file protein25.cif (mmCIF, N, CA and C atoms)
data_coords
loop_
_atom_site.group_PDB
_atom_site.id
_atom_site.type_symbol
_atom_site.label_atom_id
_atom_site.label_comp_id
_atom_site.auth_asym_id
_atom_site.auth_seq_id
_atom_site.Cartn_x
_atom_site.Cartn_y
_atom_site.Cartn_z
ATOM 1 N N MET D 8 0.821 -1.194 0.000
ATOM 2 C CA MET D 8 0.000 0.000 0.000
ATOM 3 C C MET D 8 0.870 1.266 0.000
ATOM 4 N N TYR D 9 2.140 1.107 0.290
ATOM 5 C CA TYR D 9 3.042 2.260 0.321
ATOM 6 C C TYR D 9 3.146 2.873 -1.074
ATOM 7 N N ASN D 10 2.921 4.158 -1.191
ATOM 8 C CA ASN D 10 2.980 4.900 -2.455
ATOM 9 C C ASN D 10 1.924 4.466 -3.465
ATOM 10 N N MET D 11 0.857 3.838 -3.015
ATOM 11 C CA MET D 11 -0.151 3.286 -3.919
ATOM 12 C C MET D 11 -0.741 4.340 -4.860
ATOM 13 N N VAL D 12 -1.127 5.476 -4.339
ATOM 14 C CA VAL D 12 -1.745 6.515 -5.174
ATOM 15 C C VAL D 12 -0.737 7.021 -6.199
ATOM 16 N N ARG D 13 0.498 7.204 -5.784
ATOM 17 C CA ARG D 13 1.534 7.684 -6.697
ATOM 18 C C ARG D 13 1.811 6.673 -7.808
ATOM 19 N N ILE D 14 1.726 5.397 -7.493
ATOM 20 C CA ILE D 14 1.926 4.345 -8.490
ATOM 21 C C ILE D 14 0.745 4.303 -9.465
ATOM 22 N N ILE D 15 -0.469 4.405 -8.933
ATOM 23 C CA ILE D 15 -1.661 4.398 -9.793
ATOM 24 C C ILE D 15 -1.633 5.587 -10.750
ATOM 25 N N VAL D 16 -1.310 6.760 -10.239
ATOM 26 C CA VAL D 16 -1.255 7.948 -11.094
ATOM 27 C C VAL D 16 -0.146 7.800 -12.134
ATOM 28 N N GLY D 17 0.991 7.262 -11.737
ATOM 29 C CA GLY D 17 2.072 7.025 -12.689
ATOM 30 C C GLY D 17 1.656 6.071 -13.791
ATOM 31 N N THR D 18 0.880 5.064 -13.434
ATOM 32 C CA THR D 18 0.377 4.111 -14.429
ATOM 33 C C THR D 18 -0.613 4.798 -15.362
ATOM 34 N N LEU D 19 -1.477 5.636 -14.818
ATOM 35 C CA LEU D 19 -2.441 6.361 -15.655
ATOM 36 C C LEU D 19 -1.747 7.350 -16.586
ATOM 37 N N VAL D 20 -0.647 7.937 -16.134
ATOM 38 C CA VAL D 20 0.131 8.822 -17.009
ATOM 39 C C VAL D 20 0.676 8.022 -18.183
ATOM 40 N N GLU D 21 1.153 6.807 -17.920
ATOM 41 C CA GLU D 21 1.662 5.969 -19.002
ATOM 42 C C GLU D 21 0.555 5.563 -19.970
ATOM 43 N N VAL D 22 -0.669 5.418 -19.469
ATOM 44 C CA VAL D 22 -1.807 5.171 -20.359
ATOM 45 C C VAL D 22 -1.997 6.389 -21.260
ATOM 46 N N GLY D 23 -1.951 7.564 -20.667
ATOM 47 C CA GLY D 23 -2.108 8.791 -21.439
ATOM 48 C C GLY D 23 -1.021 8.985 -22.487
ATOM 49 N N LEU D 24 0.176 8.500 -22.202
ATOM 50 C CA LEU D 24 1.288 8.605 -23.148
ATOM 51 C C LEU D 24 1.271 7.494 -24.194
ATOM 52 N N GLY D 25 0.337 6.551 -24.045
ATOM 53 C CA GLY D 25 0.217 5.455 -25.008
ATOM 54 C C GLY D 25 1.160 4.291 -24.758
ATOM 55 N N LYS D 26 1.835 4.281 -23.616
ATOM 56 C CA LYS D 26 2.765 3.194 -23.287
ATOM 57 C C LYS D 26 2.039 1.962 -22.751
ATOM 58 N N ILE D 27 0.877 2.172 -22.148
ATOM 59 C CA ILE D 27 0.047 1.090 -21.610
ATOM 60 C C ILE D 27 -1.358 1.288 -22.155
ATOM 61 N N GLU D 28 -1.996 0.212 -22.555
ATOM 62 C CA GLU D 28 -3.374 0.281 -23.040
ATOM 63 C C GLU D 28 -4.329 0.393 -21.845
ATOM 64 N N PRO D 29 -5.401 1.172 -21.963
ATOM 65 C CA PRO D 29 -6.358 1.304 -20.865
ATOM 66 C C PRO D 29 -6.921 -0.036 -20.390
ATOM 67 N N ASP D 30 -7.067 -0.986 -21.309
ATOM 68 C CA ASP D 30 -7.601 -2.301 -20.950
ATOM 69 C C ASP D 30 -6.681 -3.058 -19.989
ATOM 70 N N GLN D 31 -5.424 -2.695 -19.941
ATOM 71 C CA GLN D 31 -4.453 -3.404 -19.112
ATOM 72 C C GLN D 31 -4.519 -3.015 -17.627
ATOM 73 N N ILE D 32 -5.170 -1.915 -17.302
ATOM 74 C CA ILE D 32 -5.207 -1.443 -15.912
ATOM 75 C C ILE D 32 -5.780 -2.505 -14.979
ATOM 76 N N LYS D 33 -6.921 -3.066 -15.331
ATOM 77 C CA LYS D 33 -7.542 -4.087 -14.488
ATOM 78 C C LYS D 33 -6.596 -5.271 -14.304
ATOM 79 N N GLN D 34 -5.975 -5.704 -15.368
ATOM 80 C CA GLN D 34 -5.050 -6.840 -15.316
ATOM 81 C C GLN D 34 -3.839 -6.523 -14.428
ATOM 82 N N ILE D 35 -3.308 -5.323 -14.527
ATOM 83 C CA ILE D 35 -2.160 -4.921 -13.701
ATOM 84 C C ILE D 35 -2.527 -4.972 -12.223
ATOM 85 N N ILE D 36 -3.707 -4.476 -11.885
ATOM 86 C CA ILE D 36 -4.153 -4.476 -10.482
ATOM 87 C C ILE D 36 -4.372 -5.897 -9.985
ATOM 88 N N GLU D 37 -5.013 -6.730 -10.807
ATOM 89 C CA GLU D 37 -5.294 -8.106 -10.394
ATOM 90 C C GLU D 37 -4.015 -8.921 -10.203
ATOM 91 N N GLN D 38 -3.007 -8.683 -11.030
ATOM 92 C CA GLN D 38 -1.754 -9.422 -10.911
ATOM 93 C C GLN D 38 -1.002 -9.063 -9.640
ATOM 94 N N GLY D 39 -1.119 -7.814 -9.218
ATOM 95 C CA GLY D 39 -0.464 -7.390 -7.992
ATOM 96 C C GLY D 39 1.050 -7.362 -8.069
ATOM 97 N N LYS D 40 1.592 -7.305 -9.280
ATOM 98 C CA LYS D 40 3.041 -7.263 -9.456
ATOM 99 C C LYS D 40 3.464 -5.828 -9.743
ATOM 100 N N ARG D 41 4.257 -5.285 -8.859
ATOM 101 C CA ARG D 41 4.670 -3.891 -8.961
ATOM 102 C C ARG D 41 5.367 -3.583 -10.284
ATOM 103 N N GLU D 42 6.150 -4.512 -10.801
ATOM 104 C CA GLU D 42 6.914 -4.259 -12.017
ATOM 105 C C GLU D 42 6.037 -4.080 -13.258
ATOM 106 N N ASN D 43 4.771 -4.465 -13.197
ATOM 107 C CA ASN D 43 3.860 -4.307 -14.333
ATOM 108 C C ASN D 43 3.230 -2.922 -14.382
ATOM 109 N N ALA D 44 3.288 -2.207 -13.282
ATOM 110 C CA ALA D 44 2.660 -0.883 -13.202
ATOM 111 C C ALA D 44 3.643 0.191 -13.673
ATOM 112 N N GLY D 45 3.155 1.414 -13.757
ATOM 113 C CA GLY D 45 3.992 2.542 -14.163
ATOM 114 C C GLY D 45 4.915 2.963 -13.044
ATOM 115 N N LYS D 46 5.715 3.975 -13.325
ATOM 116 C CA LYS D 46 6.665 4.441 -12.319
ATOM 117 C C LYS D 46 5.950 5.212 -11.210
ATOM 118 N N THR D 47 6.589 5.275 -10.071
ATOM 119 C CA THR D 47 6.064 6.022 -8.935
ATOM 120 C C THR D 47 6.341 7.503 -9.165
ATOM 121 N N LEU D 48 5.289 8.296 -9.161
ATOM 122 C CA LEU D 48 5.466 9.734 -9.359
ATOM 123 C C LEU D 48 5.924 10.397 -8.071
ATOM 124 N N PRO D 49 6.630 11.523 -8.185
ATOM 125 C CA PRO D 49 7.020 12.260 -6.980
ATOM 126 C C PRO D 49 5.782 12.883 -6.326
ATOM 127 N N PRO D 50 5.836 13.113 -5.022
ATOM 128 C CA PRO D 50 4.657 13.625 -4.318
ATOM 129 C C PRO D 50 4.327 15.088 -4.618
ATOM 130 N N GLN D 51 5.275 15.854 -5.121
ATOM 131 C CA GLN D 51 5.022 17.265 -5.391
ATOM 132 C C GLN D 51 3.962 17.410 -6.475
ATOM 133 N N GLY D 52 2.931 18.159 -6.178
ATOM 134 C CA GLY D 52 1.894 18.432 -7.163
ATOM 135 C C GLY D 52 0.696 17.505 -7.105
ATOM 136 N N LEU D 53 0.788 16.421 -6.349
ATOM 137 C CA LEU D 53 -0.361 15.521 -6.219
ATOM 138 C C LEU D 53 -1.181 15.956 -5.001
ATOM 139 N N TYR D 54 -2.440 16.242 -5.231
ATOM 140 C CA TYR D 54 -3.325 16.624 -4.126
ATOM 141 C C TYR D 54 -4.758 16.275 -4.486
ATOM 142 N N LEU D 55 -5.587 16.116 -3.465
ATOM 143 C CA LEU D 55 -6.996 15.798 -3.661
ATOM 144 C C LEU D 55 -7.746 17.086 -3.961
ATOM 145 N N LEU D 56 -8.354 17.143 -5.117
ATOM 146 C CA LEU D 56 -9.035 18.354 -5.553
ATOM 147 C C LEU D 56 -10.506 18.345 -5.176
ATOM 148 N N ASN D 57 -11.189 17.187 -5.352
ATOM 149 C CA ASN D 57 -12.616 17.152 -5.138
ATOM 150 C C ASN D 57 -13.069 15.708 -4.936
ATOM 151 N N VAL D 58 -14.075 15.512 -4.116
ATOM 152 C CA VAL D 58 -14.688 14.205 -3.921
ATOM 153 C C VAL D 58 -16.172 14.361 -4.165
ATOM 154 N N GLU D 59 -16.723 13.528 -5.043
ATOM 155 C CA GLU D 59 -18.149 13.583 -5.328
ATOM 156 C C GLU D 59 -18.764 12.215 -5.077
ATOM 157 N N TYR D 60 -19.946 12.217 -4.529
ATOM 158 C CA TYR D 60 -20.670 10.966 -4.288
ATOM 159 C C TYR D 60 -21.914 10.943 -5.116
#

call {"tool": "encode", "arguments": {"input": "protein25.cif", "output": "structure tokens"}}
result
Amino acid sequence: MYNMVRIIVGTLVEVGLGKIEPDQIKQIIEQGKRENAGKTLPPQGLYLLNVEY
């Protein structure tokens, strides 16, 4: 769970750059292997903007 949000965001950035297909996200999470995910982003600039229910 350490750096989980930073890893998820890093993986989503790689999706945006076309390095990972969006369909692979579910598979990456289910496998639970850190090496399949994107890089860990630095904490600077990451913040919670809004929560909607």

call {"tool": "residues_around", "arguments": {"input": "protein25.cif", "residues": "region 47-52 of chain D", "least_positions_apart": "2", "cutoff": "9 Å", "atoms": "only C-alpha atoms", "output": "list in words"}}
result
Asn10, Met11, Val12, Arg13, Ile14, Ile15, Val16, Gly17, Thr18, Ala44, Gly45 and Tyr54 of chain D

call {"tool": "axis_aligned_box", "arguments": {"input": "protein25.cif", "around": "region 32-41 of chain D", "padding_each_side": "3 Å", "output": "AutoDock Vina command-line options"}}
result
--center_x -1.1 --center_y -5.4 --center_z -12.6 --size_x 18.9 --size_y 14.0 --size_z 15.3

call {"tool": "atom_distance", "arguments": {"input": "protein25.cif", "atom1": "CA of Arg41 (chain D)", "atom2": "atom C of Tyr9 (chain D)"}}
result
10.5 Å

call {"tool": "atom_distance", "arguments": {"input": "protein25.cif", "atom1": "atom C of Gln34 (chain D)", "atom2": "CA of Lys46 (chain D)"}}
result
15.3 Å

call {"tool": "atom_distance", "arguments": {"input": "protein25.cif", "atom1": "atom N of Lys40 (chain D)", "atom2": "atom C of Val58 (chain D)"}}
result
28.5 Å
